[in-house]
Amino acid sequence: MAKRLWELFFTFAKVGVMTFGGGYAMLPILQREVVENKGWATEEELADWFAIGQCTPGVIAVNTATFAGRKVLGNVGGVVATLGVVFPSLIIISLLAGVITTFAEVAWVKNAFAGIRVCVCVLIFNAVVKLWKKSVVDKKTLALYAVILLASLLTDLSPVIFVLFAAVSGIVLQAALRKGGEAE
């Protein structure tokens, strides 16, 4: 079990150290590590964890690491995966905290951060495309996607409202499908 705990810790530490730009930038890296490389979750499970992580307190990547770790090795695995994903940031931020104000106005630092922001946009877009392919699978899910997209663009509602609306819509749609199947 100790070997698996170290594997969890180092896998999520690798995710944490390779990510710049916050939780959403971690999504494609989490997808590659958790689904493709380790097989600890399916695309659908990861999408569910992202959704739940979005509407619960805390950082989405930390919440997702906790879900993945818990699935692999229970509560201890959840704690170890969470520690792994935050460990690199804790170390790096601790080292930078004392000197960041000195370098924040340096031109090459500003330019580097501008480039990193563009890269983060691309990484997030790639994660969206992968999630789209697994989530929007028919006309009903496309309609739900369109409604939530428009509502998110046109209102300032909390993401929690959108997730709850989507959950209720999924329940209602599945119930209608089952009822329609029974009537045949």
# chains A, B, ... in the order shown; residues from 1 in each chain; ligands from 1
>>> residues_around(residues="Leu164 in chain A", least_positions_apart="2", cutoff="12 Å", atoms="only C-alpha atoms", output="compact mmCIF listing (two decimals) with C-alpha atoms, in the first residue's frame")
# COMPACT_ATOMS: atom_id res chain seq x y z
CA ALA A 51 -18.43 19.31 -12.34
CA ILE A 52 -18.62 18.50 -8.63
CA GLN A 54 -16.65 23.34 -9.72
CA CYS A 55 -19.63 23.64 -7.37
CA THR A 56 -17.89 22.75 -4.11
CA ILE A 148 -26.37 26.71 -19.92
CA LEU A 157 -25.51 33.44 -11.81
CA SER A 158 -23.27 31.26 -9.69
CA PRO A 159 -21.83 28.15 -11.37
CA VAL A 160 -23.55 26.18 -8.60
CA ILE A 161 -26.91 27.20 -10.09
CA PHE A 162 -25.85 25.90 -13.50
CA ALA A 166 -27.94 20.51 -15.23
CA ALA A 167 -28.29 17.79 -12.59
CA VAL A 168 -32.05 18.25 -12.34
CA SER A 169 -32.31 18.37 -16.14
CA GLY A 170 -30.35 15.12 -16.43
CA ILE A 171 -32.64 13.42 -13.93
>>> closest_residue(among="A:Val86, A:Ala25, A:Val76, A:Leu154", to="Thr11 in chain A", atoms="only C-alpha atoms")
A:Val86
>>> residues_around(residues="Glu45 in chain A", least_positions_apart="6", cutoff="10 Å", atoms="only C-alpha atoms", output="PDB file with C-alpha atoms, in the first residue's frame")
ATOM      1  CA  VAL A  35      -7.393   8.567 -17.337  1.00  0.00           C
ATOM      2  CA  ALA A  51     -18.432  19.308 -12.335  1.00  0.00           C
ATOM      3  CA  PHE A  67     -11.802  12.357  -5.708  1.00  0.00           C
ATOM      4  CA  ALA A  68      -9.221  10.419  -7.719  1.00  0.00           C
TER       5      ALA A  68
END
>>> residues_around(residues="Ala65 in chain A", least_positions_apart="3", cutoff="6 Å", atoms="only C-alpha atoms", output="list of chain:residue names")
A:Val62, A:Ala68, A:Gly69, A:Ala81, A:Thr82
>>> write_last_selection(atoms="C-alpha atoms", output="tab-separated table (two decimals), in the first residue's frame")
chain	number	residue	atom	x	y	z
A	62	VAL	CA	-7.46	19.94	-5.64
A	68	ALA	CA	-9.22	10.42	-7.72
A	69	GLY	CA	-7.10	9.55	-4.70
A	81	ALA	CA	-3.37	12.88	-3.74
A	82	THR	CA	-4.47	16.26	-2.41
>>> closest_residue(among="A:Asn75, A:Ser94, A:Thr66, A:Asn126", to="Gln31 in chain A", atoms="only C-alpha atoms")
A:Asn126
>>> select_by_dssp(residues="range 9-166 of chain A", states="alpha helix (DSSP H)", output="NGL selection string")
:A and (9-17 or 23-30 or 43-55 or 60-97 or 100-103 or 107-135 or 139-154 or 159-166)
>>> atom_distance(atom1="CA of Lys139 in chain A", atom2="CA of Ile124 in chain A")
24.3 Å
